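Novice: Could you have a look at this structure, given as structure tokens, before my questions?
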Amino acid sequence: MEHIAQPEFLEHVQAAGQVLDQELKQALAPFMGSTVVELRGTGLLRGIQFSSDPTPVIDRARDHGLLLVGAGGNTVRLVPPLNTRLADIKRGAAIIADCVTQVAAAERSA
């Protein structure tokens with residue numbers, strides 16, 4: 001508990017939330033209004049609402065080493081640990097974007 005109360009830790013958590021927000025918005029911008037309906041949440045607790053079942057995105061992300069959680073209503077929940085490194089947040093957002101790109105391409109060709 002002492003670690004969580006330290007100002008440096010709280011600053012890191014705030015910075016991580018901002019990086020996650022920026023990375024998701026940038027990575028998913030090409031899909032907004034089509035494959036992605038909405039980005040939700042603040043800080044490190046985020047949701048991505050998809051226009052259809054997100055299971056293919058979840059499965060592909062798992063294949064790339066990223067665990068995502070379905071949250072109902074075509075939404076994927078992101079809940080990274082508070083001590084996640086900023087580089088890992090960027091990597092996770094890139095994996096999500098890659099998986100969404102692959103799923104959207106497969107849906108268009110189906």
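Every chain in the structure tokens takes a letter, A first, then B, and so on in the order presented; its residues are numbered from 1, and the ligands are numbered from 1 following the presented order.
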Skip Ala97 (chain A) itself and residues of its chain fewer than 5 positions away, then list as an mmCIF file with N, CA and C atoms, in the first residue's frame all residues within 10 Å of it, counting only C-alpha atoms.
Specialist:
```
data_model
loop_
_atom_site.group_PDB
_atom_site.id
_atom_site.type_symbol
_atom_site.label_atom_id
_atom_site.label_comp_id
_atom_site.auth_asym_id
_atom_site.auth_seq_id
_atom_site.Cartn_x
_atom_site.Cartn_y
_atom_site.Cartn_z
ATOM 1 N N GLU A 23 -2.758 6.411 -27.622
ATOM 2 C CA GLU A 23 -2.408 5.286 -28.494
ATOM 3 C C GLU A 23 -3.654 4.620 -29.080
ATOM 4 N N LEU A 24 -4.681 4.430 -28.256
ATOM 5 C CA LEU A 24 -5.907 3.807 -28.766
ATOM 6 C C LEU A 24 -6.592 4.697 -29.787
ATOM 7 N N GLN A 26 -5.297 6.970 -31.708
ATOM 8 C CA GLN A 26 -4.507 7.004 -32.939
ATOM 9 C C GLN A 26 -4.596 5.681 -33.687
ATOM 10 N N ALA A 27 -4.449 4.580 -32.973
ATOM 11 C CA ALA A 27 -4.417 3.263 -33.614
ATOM 12 C C ALA A 27 -5.763 2.865 -34.196
ATOM 13 N N LEU A 28 -6.845 3.275 -33.530
ATOM 14 C CA LEU A 28 -8.169 2.824 -33.963
ATOM 15 C C LEU A 28 -8.924 3.867 -34.787
ATOM 16 N N ALA A 29 -8.319 5.026 -35.013
ATOM 17 C CA ALA A 29 -8.977 6.082 -35.790
ATOM 18 C C ALA A 29 -9.499 5.602 -37.146
ATOM 19 N N PRO A 30 -8.743 4.778 -37.875
ATOM 20 C CA PRO A 30 -9.258 4.332 -39.185
ATOM 21 C C PRO A 30 -10.518 3.464 -39.093
ATOM 22 N N PHE A 31 -10.816 2.959 -37.924
ATOM 23 C CA PHE A 31 -11.941 2.037 -37.764
ATOM 24 C C PHE A 31 -13.136 2.655 -37.057
ATOM 25 N N VAL A 57 -11.259 -10.585 -32.486
ATOM 26 C CA VAL A 57 -10.196 -9.668 -32.058
ATOM 27 C C VAL A 57 -9.552 -10.196 -30.780
ATOM 28 N N ALA A 61 -5.667 -11.318 -30.495
ATOM 29 C CA ALA A 61 -4.814 -10.640 -29.511
ATOM 30 C C ALA A 61 -4.144 -11.665 -28.594
ATOM 31 N N ARG A 91 2.799 -1.017 -27.035
ATOM 32 C CA ARG A 91 2.835 -2.312 -27.731
ATOM 33 C C ARG A 91 1.445 -2.952 -27.740
ATOM 34 N N GLY A 92 0.750 -2.881 -26.615
ATOM 35 C CA GLY A 92 -0.595 -3.441 -26.533
ATOM 36 C C GLY A 92 -1.562 -2.754 -27.485
ATOM 37 N N GLN A 102 -6.766 -6.980 -39.111
ATOM 38 C CA GLN A 102 -6.911 -8.328 -39.661
ATOM 39 C C GLN A 102 -8.367 -8.778 -39.670
ATOM 40 N N VAL A 103 -9.079 -8.528 -38.579
ATOM 41 C CA VAL A 103 -10.479 -8.956 -38.491
ATOM 42 C C VAL A 103 -11.340 -8.165 -39.472
#
```
Novice: Where in chain A does DSSP assign strand (DSSP E), given as a PyMOL selection string?
Specialist: chain A and resi 36-42+45-50+69-70+75-78
Novice: Give me, as a Markdown table, the closest atom pair and its distance (Å, one decimal) for every residue of region 42-89 of chain A within a cut-off of 12 Å of region 10-15 of chain A, counting only C-alpha atoms, rows sorted by chain and rising number.
Specialist:
```
| residue | atom | partner | partner_atom | distance |
| --- | --- | --- | --- | --- |
| A:Thr42 | CA | A:Gln14 | CA | 9.9 |
| A:Gly43 | CA | A:Gln14 | CA | 6.6 |
| A:Leu44 | CA | A:Val13 | CA | 7.7 |
| A:Leu45 | CA | A:Val13 | CA | 11.0 |
| A:Pro80 | CA | A:Val13 | CA | 10.4 |
| A:Pro81 | CA | A:Val13 | CA | 9.3 |
| A:Leu82 | CA | A:Val13 | CA | 5.9 |
| A:Asn83 | CA | A:Val13 | CA | 7.1 |
| A:Thr84 | CA | A:Val13 | CA | 8.4 |
| A:Arg85 | CA | A:His12 | CA | 8.8 |
| A:Leu86 | CA | A:Ala15 | CA | 8.2 |
| A:Ala87 | CA | A:Ala15 | CA | 11.8 |
| A:Ile89 | CA | A:Ala15 | CA | 10.8 |
```
Novice: Please, which residues of chain A, numbered as in this document, come out alpha helix (DSSP H) from DSSP, as number ranges by chain?
Specialist: A: 2-5, 7-28, 55-63, 86-109
Novice: Calculate how many Å separate CA of His64 (chain A) from CA of Val79 (chain A), rounding to one decimal.
Specialist: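 So the two atoms, CA of His64 (chain A) and CA of Val79 (chain A), lie 17.0 Å apart.
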Novice: So which residues touch Met32 (chain A) within 12 Å, counting only C-alpha atoms, skipping near sequence neighbours fewer than 5 positions away, as a list in words?
Specialist: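 Near neighbours after the sequence-gap exclusion: Leu24, Lys25, Gln26, Ala27, Val37, Glu38, Leu39, Ile48, Gln49, Phe50, Ser51, Ala97, Val100, Thr101 and Ala104 of chain A.
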Novice: Those same residues - N, CA and C atoms - I'd like them written as a PDB file, in the first residue's frame.
Specialist:
```pdb
ATOM      1  N   LEU A  24      -4.681   4.430 -28.256  1.00  0.00           N
ATOM      2  CA  LEU A  24      -5.907   3.807 -28.766  1.00  0.00           C
ATOM      3  C   LEU A  24      -6.592   4.697 -29.787  1.00  0.00           C
ATOM      4  N   LYS A  25      -6.698   5.990 -29.480  1.00  0.00           N
ATOM      5  CA  LYS A  25      -7.342   6.902 -30.427  1.00  0.00           C
ATOM      6  C   LYS A  25      -6.613   6.920 -31.761  1.00  0.00           C
ATOM      7  N   GLN A  26      -5.297   6.970 -31.708  1.00  0.00           N
ATOM      8  CA  GLN A  26      -4.507   7.004 -32.939  1.00  0.00           C
ATOM      9  C   GLN A  26      -4.596   5.681 -33.687  1.00  0.00           C
ATOM     10  N   ALA A  27      -4.449   4.580 -32.973  1.00  0.00           N
ATOM     11  CA  ALA A  27      -4.417   3.263 -33.614  1.00  0.00           C
ATOM     12  C   ALA A  27      -5.763   2.865 -34.196  1.00  0.00           C
ATOM     13  N   VAL A  37     -17.176   1.168 -32.741  1.00  0.00           N
ATOM     14  CA  VAL A  37     -18.281   2.097 -32.510  1.00  0.00           C
ATOM     15  C   VAL A  37     -17.870   3.210 -31.557  1.00  0.00           C
ATOM     16  N   GLU A  38     -17.162   2.826 -30.472  1.00  0.00           N
ATOM     17  CA  GLU A  38     -16.863   3.817 -29.447  1.00  0.00           C
ATOM     18  C   GLU A  38     -15.696   3.362 -28.569  1.00  0.00           C
ATOM     19  N   LEU A  39     -14.902   4.325 -28.131  1.00  0.00           N
ATOM     20  CA  LEU A  39     -13.896   4.095 -27.093  1.00  0.00           C
ATOM     21  C   LEU A  39     -14.473   4.661 -25.806  1.00  0.00           C
ATOM     22  N   ILE A  48     -13.563  -0.883 -25.540  1.00  0.00           N
ATOM     23  CA  ILE A  48     -13.675  -0.658 -26.986  1.00  0.00           C
ATOM     24  C   ILE A  48     -14.950  -1.356 -27.421  1.00  0.00           C
ATOM     25  N   GLN A  49     -15.930  -0.580 -27.880  1.00  0.00           N
ATOM     26  CA  GLN A  49     -17.164  -1.168 -28.368  1.00  0.00           C
ATOM     27  C   GLN A  49     -17.047  -1.385 -29.865  1.00  0.00           C
ATOM     28  N   PHE A  50     -17.294  -2.613 -30.283  1.00  0.00           N
ATOM     29  CA  PHE A  50     -17.218  -2.988 -31.690  1.00  0.00           C
ATOM     30  C   PHE A  50     -18.608  -3.056 -32.293  1.00  0.00           C
ATOM     31  N   SER A  51     -18.688  -2.992 -33.598  1.00  0.00           N
ATOM     32  CA  SER A  51     -19.975  -3.070 -34.292  1.00  0.00           C
ATOM     33  C   SER A  51     -20.494  -4.495 -34.378  1.00  0.00           C
ATOM     34  N   ALA A  97      -4.602  -2.753 -32.631  1.00  0.00           N
ATOM     35  CA  ALA A  97      -4.817  -2.186 -33.965  1.00  0.00           C
ATOM     36  C   ALA A  97      -4.554  -3.215 -35.053  1.00  0.00           C
ATOM     37  N   VAL A 100      -7.470  -5.717 -35.055  1.00  0.00           N
ATOM     38  CA  VAL A 100      -8.673  -5.117 -35.628  1.00  0.00           C
ATOM     39  C   VAL A 100      -8.525  -5.015 -37.144  1.00  0.00           C
ATOM     40  N   THR A 101      -7.346  -4.646 -37.605  1.00  0.00           N
ATOM     41  CA  THR A 101      -7.086  -4.572 -39.053  1.00  0.00           C
ATOM     42  C   THR A 101      -7.305  -5.927 -39.706  1.00  0.00           C
ATOM     43  N   ALA A 104     -11.106  -6.861 -39.566  1.00  0.00           N
ATOM     44  CA  ALA A 104     -11.889  -6.046 -40.505  1.00  0.00           C
ATOM     45  C   ALA A 104     -11.650  -6.497 -41.943  1.00  0.00           C
TER      46      ALA A 104
END
```
Novice: For the atom pair CA of Val19 (chain A) and CA of Arg77 (chain A), what is the interatomic distance in Å to one decimal place?
Specialist: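 So the two atoms, CA of Val19 (chain A) and CA of Arg77 (chain A), lie 16.7 Å apart.
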